[in-house]
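The structure under discussion appears below in the form of structure tokens.
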Amino acid sequence: MIRRLRLALATALALLLLADQLFPPPLPGRAAPHAQVVLARDGTPLRAFPDRTHIWRHPVRKDEVSPRYLEALIAYEDRFFHWHPGVNPLALLRAAGQWATSGRVVSGGSTLTMQVARILEPTPHTLRGKLRQMVRALQLELRLSKREILELYLGYAPMGGVLEGVEAASRAYLGKPAARLTESEAALLTVLPQAPSLLRPDRYPERARAARDKVLARMAPHWGADVVREAREEPVIAQTVREPLLAPLFAERVRREHSRQPRVETTLDAGMQGMIEQLIASRLSVLPPRVSMAALVVDNATLEVLAYAGSADFADDSRFAHVDMVRAMRSPGSTLKPFLYGLALDEGLIHSESLLADVPQSFSGYQPGNFQANFSGPVSVSHALQKSLNVPAVEVLDHLGPQRFVAQLRRGGLRLELPRGAGPNLSVILGGAATSLEGLVGAYSSFARGGIAARPRYVQDAPLEETRMMSAGAAFIVRDILESGGPLARAVEGGVGVRRGIAFKTGTSFGFRDAWSVGVSDRLTVGVWVGRPDGTPNPGFFGANIAAPLLIDVFAAVDGAPPGPPGSRLPPEGVSQAKVCWPLGTWSADLPPGLCHEQRTAWILNGAAPPTFPDRLRGGAPRYTDYRDAESGLRVRAGCAPGEMRAVEMARWPAALEPWLDSGTRRHALPPAWAPACRDAVAPEAGLKIVGVADGETIRRAGTGPAPELRLEARGGQDSLTWLVNGVQVGRVAAGRSLLWKFPVAGPYRITAMDDAGRFDSVEISVR
């Protein structure tokens, strides 16, 4: 008999296990609906994505819920939860007895495990449905731990409407995470699943309060009478239920990249994100229609993204709300120039005060101009970068090589896209390629990280992907140049200490399509973009007037770390300061005083003071020997000298810069006039002569007539003539053609004509 009983039990158990395998419970991840929530670094929901049944649910772990809620839930719903196998026979017998004696349901006999089973697989309120629920509860207990079952309840319990789970209910009704629930709030959310439609606190606060008080009464032995009395005095106040919508495009992005995770924990700082979105929203009223904005904030130490605004207003479709401009590939304008100078420093081509020519130049037919359409003449690398001058940047790129420049940027982690079928060329440095705000911010972080760039990180478990963009010394020098020229620069005492603040660069793409500003502080790297996502031009929108003010406001709002004391960031190994001389560009200590026309203090990398680039227009060595008549001091040469000659060593300025030299520099930089006997000698500047107006001439307006007008004309030029008035290019005509120019304002004017061979002539006039 006993043997048969054992055999029957074994058979029944085998059949039960077989049935369990054939008909498993619908656990989440198998047949259960799947929802996602994207969280900020502190657990604040950024955006919740409903499952296919449009349910809002925030997955939550046991240790992320207030202990008060867990205590109330176990004590009120299932005090033997940790001991029973899924079904509590005593509770079922008690419920059945109460039903038999009173004719109605007085208390339920369902355990928390049975409630989880009913949530995962709804059953009718019949005896058959109850039995099926009990079987499922036993299956759950066989497969899952008590903690896993409890966490299923925490995440799936019905909380009214489309809300499920304690975290979703706490966020939606109370505006706080479930980890911070008070005793009163814990009791409210404990009782809510019993009748979620009837007890919603946002619709029926009195009903919800009465039900809450029942739970509080049950908790008196656990929490104490005083705590319960204070909890009962709290009113039930719930906010209007609405979908969380912070950093919506960012949340959409990480959700797609982590589609298998119901809970995506990101690096975003919810408070900082809110401030950035408010700053952008405050500017919408002054922006034209269809203009959008984007901003990205990254922590330099970890490359964690702290704030991410992909569009100006997610609710405004007219501004292309759903186009993420953090990721969009756009022309970067001049924002690549800091990398050009940093890489050129590493190549030993320049130092911080190398002499460059900001003058009209032709580079194999490519003739760049400056944004303001004027020229400055001789400039240093520092000045060229601070003022974002185009021609000097193209000159440096011409020596570095555009192919090499693009390859080094890509090797450093900056993705660049060139026009279809095109290779790298000189236009790259002025925006002739495409990159993204995300890529620029990752690359700019190298200026605060010793030359090491990194890819921005969006989720907490993402690896840190680093690549070297340039040397630590080059990054230091470029950052110092950008800081020194910015509006937030600070004066420094004591020599080599670096000015503290923000090092930033602006950029404007061709046709005013994109306005950029990217900068670094010790703690953060920030990037800003403004424009129309469809590429339509915005005349008058450029980096300095529209993007840079927003960048500075972002730094002011989110970078609370005060700058260090003056000199606290010292130059890295290999960086030093030295005196150099123009026009040769080399150490002043190695030059006689006569060859040092202008002395400057430069940042030197690895002890190299490279000379000025070779003259593009005129051959010959930069140092040459000239001859003077010993008596008159006039210029002579062999064969025409009237008397004794003396040799004079000279430093030659690039031919293209000679028209821009001031009178003081010209006196000792250029040779004197030829002696009468040698007037047939050909000087470098000979062969081009302005005609029709004489040096020192005064031009007057006739009474109240129109502004005086001159016909600018020159003889002896080759190819094309470039005309400049006070250093500003006013026209370019074929040699032999004239140019009409008006002078509406009284004052002195310097008129210069230059041909493509570098020959020039200048006159100075006055207009009255």
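Numbering starts fresh at 1 for the residues of each chain in the structure tokens, the chains themselves are lettered A, B, ... in the order given, and ligands are numbered from 1 as they appear.
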
- Query: Leaving out A:Ala608 and any residue of its chain fewer than 6 positions from it, which residues lie within 9 Å of it when counting only C-alpha atoms, given as number ranges by chain?
  - Reply: A: 348-351, 586

The selected residues should be written to file as a JSON list (two decimals), in the first residue's frame (atoms: all heavy atoms).
```json
[["chain", "number", "residue", "atom", "x", "y", "z"],
["A", 348, "GLY", "N", 56.36, 70.69, -35.52],
["A", 348, "GLY", "CA", 57.50, 71.60, -35.52],
["A", 348, "GLY", "C", 57.43, 72.65, -36.61],
["A", 348, "GLY", "O", 58.46, 73.23, -36.98],
["A", 349, "LEU", "N", 56.23, 72.94, -37.11],
["A", 349, "LEU", "CA", 56.09, 73.94, -38.17],
["A", 349, "LEU", "C", 55.97, 75.36, -37.63],
["A", 349, "LEU", "O", 56.34, 76.32, -38.33],
["A", 349, "LEU", "CB", 54.85, 73.62, -39.02],
["A", 349, "LEU", "CG", 54.85, 72.31, -39.79],
["A", 349, "LEU", "CD1", 53.51, 72.10, -40.48],
["A", 349, "LEU", "CD2", 55.99, 72.30, -40.81],
["A", 350, "ILE", "N", 55.44, 75.51, -36.43],
["A", 350, "ILE", "CA", 55.15, 76.84, -35.88],
["A", 350, "ILE", "C", 55.43, 76.84, -34.39],
["A", 350, "ILE", "O", 55.59, 75.80, -33.75],
["A", 350, "ILE", "CB", 53.67, 77.24, -36.11],
["A", 350, "ILE", "CG1", 52.74, 76.21, -35.45],
["A", 350, "ILE", "CG2", 53.36, 77.38, -37.60],
["A", 350, "ILE", "CD1", 51.27, 76.59, -35.44],
["A", 351, "HIS", "N", 55.50, 78.04, -33.83],
["A", 351, "HIS", "CA", 55.36, 78.27, -32.40],
["A", 351, "HIS", "C", 54.21, 79.25, -32.23],
["A", 351, "HIS", "O", 53.56, 79.64, -33.21],
["A", 351, "HIS", "CB", 56.66, 78.77, -31.76],
["A", 351, "HIS", "CG", 57.30, 79.92, -32.49],
["A", 351, "HIS", "ND1", 56.75, 81.18, -32.51],
["A", 351, "HIS", "CD2", 58.45, 79.99, -33.23],
["A", 351, "HIS", "CE1", 57.52, 81.98, -33.21],
["A", 351, "HIS", "NE2", 58.56, 81.29, -33.68],
["A", 586, "THR", "N", 62.80, 83.16, -35.47],
["A", 586, "THR", "CA", 63.66, 82.32, -34.64],
["A", 586, "THR", "C", 64.05, 83.04, -33.36],
["A", 586, "THR", "O", 63.63, 84.16, -33.09],
["A", 586, "THR", "CB", 64.90, 81.90, -35.44],
["A", 586, "THR", "OG1", 65.56, 83.08, -35.93],
["A", 586, "THR", "CG2", 64.50, 81.03, -36.64]]
```

Compile the contact shell of A:Trp660 as a CSV table (one decimal) with C-alpha atoms, in the first residue's frame: residues with an atom at most 8 Å away, counting only C-alpha atoms, same-chain residues fewer than 5 positions apart removed.
```csv
chain,number,residue,atom,x,y,z
A,376,SER,CA,45.4,92.5,-40.9
A,377,GLY,CA,48.8,92.1,-42.7
A,378,PRO,CA,51.5,90.5,-40.4
A,727,GLY,CA,43.9,97.2,-45.1
```

- Restricting to only C-alpha atoms, whichever of A:Arg652, A:Arg701, A:His597, A:Arg212 is closest to A:Asp615 is A:Arg652

- Message: Considering only strand (DSSP E or B) as DSSP defines it on the backbone, what residues of stretch 564-689 of chain A qualify? List them as a VMD selection string.
- Response: chain A and resid 575 to 582 587 598 to 605 608 623 to 629 635 to 636 645 to 651 674 689

- For A:Asn374, work out the shell of residues within 12 Å, counting only C-alpha atoms and skipping chain neighbours fewer than 4 positions away, then give it as an MDAnalysis selection string. chainID A and resid 358:360 368:370 387 389:391 723:731

Restricted to N, CA, C and O atoms, what would the selected residues look like written as a CSV table (one decimal), in the first residue's frame?
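Dumped everything to part.csv:
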```
chain,number,residue,atom,x,y,z
A,358,ASP,N,48.3,87.6,-43.2
A,358,ASP,CA,46.9,87.8,-43.4
A,358,ASP,C,46.7,88.8,-44.5
A,358,ASP,O,46.4,90.0,-44.2
A,359,VAL,N,46.9,88.4,-45.7
A,359,VAL,CA,46.8,89.3,-46.9
A,359,VAL,C,46.1,88.5,-48.0
A,359,VAL,O,46.1,87.2,-47.9
A,360,PRO,N,45.6,89.1,-49.0
A,360,PRO,CA,45.1,88.3,-50.1
A,360,PRO,C,46.2,87.4,-50.7
A,360,PRO,O,47.3,87.9,-51.1
A,368,PRO,N,41.1,82.3,-50.4
A,368,PRO,CA,40.2,82.4,-49.2
A,368,PRO,C,40.2,83.9,-48.8
A,368,PRO,O,41.1,84.7,-49.0
A,369,GLY,N,39.1,84.3,-48.2
A,369,GLY,CA,39.0,85.6,-47.6
A,369,GLY,C,38.6,85.5,-46.2
A,369,GLY,O,38.2,84.4,-45.7
A,370,ASN,N,38.6,86.6,-45.4
A,370,ASN,CA,38.3,86.5,-44.0
A,370,ASN,C,36.8,86.8,-43.9
A,370,ASN,O,36.1,87.4,-44.8
A,387,LYS,N,41.4,85.6,-33.5
A,387,LYS,CA,40.6,86.3,-34.4
A,387,LYS,C,40.0,85.5,-35.5
A,387,LYS,O,39.2,86.0,-36.3
A,389,LEU,N,41.2,84.1,-38.2
A,389,LEU,CA,41.5,84.6,-39.5
A,389,LEU,C,41.7,83.4,-40.5
A,389,LEU,O,42.3,82.4,-40.1
A,390,ASN,N,41.1,83.5,-41.6
A,390,ASN,CA,41.1,82.4,-42.6
A,390,ASN,C,42.3,82.2,-43.4
A,390,ASN,O,42.8,81.1,-43.5
A,391,VAL,N,42.9,83.3,-43.9
A,391,VAL,CA,44.0,83.2,-44.8
A,391,VAL,C,45.2,82.6,-44.1
A,391,VAL,O,45.9,81.6,-44.6
A,723,TRP,N,43.0,95.6,-54.7
A,723,TRP,CA,43.1,97.0,-54.2
A,723,TRP,C,42.6,96.9,-52.7
A,723,TRP,O,41.6,96.2,-52.4
A,724,LEU,N,43.3,97.6,-51.8
A,724,LEU,CA,43.0,97.7,-50.4
A,724,LEU,C,43.0,99.1,-50.0
A,724,LEU,O,43.8,99.9,-50.4
A,725,VAL,N,42.0,99.5,-49.2
A,725,VAL,CA,41.9,100.8,-48.6
A,725,VAL,C,42.0,100.6,-47.1
A,725,VAL,O,41.1,100.0,-46.5
A,726,ASN,N,43.0,101.2,-46.4
A,726,ASN,CA,43.2,101.0,-45.0
A,726,ASN,C,43.2,99.5,-44.6
A,726,ASN,O,42.6,99.1,-43.6
A,727,GLY,N,43.8,98.7,-45.4
A,727,GLY,CA,43.9,97.2,-45.1
A,727,GLY,C,42.7,96.4,-45.4
A,727,GLY,O,42.8,95.2,-45.3
A,728,VAL,N,41.7,97.0,-45.9
A,728,VAL,CA,40.4,96.3,-46.3
A,728,VAL,C,40.4,96.1,-47.8
A,728,VAL,O,40.5,97.1,-48.5
A,729,GLN,N,40.2,94.9,-48.2
A,729,GLN,CA,40.1,94.6,-49.7
A,729,GLN,C,38.8,95.2,-50.2
A,729,GLN,O,37.7,94.9,-49.7
A,730,VAL,N,39.0,96.1,-51.2
A,730,VAL,CA,37.8,96.8,-51.8
A,730,VAL,C,37.5,96.3,-53.2
A,730,VAL,O,36.5,96.7,-53.7
A,731,GLY,N,38.4,95.5,-53.8
A,731,GLY,CA,38.1,95.1,-55.1
A,731,GLY,C,39.3,94.3,-55.7
A,731,GLY,O,40.4,94.4,-55.2
```
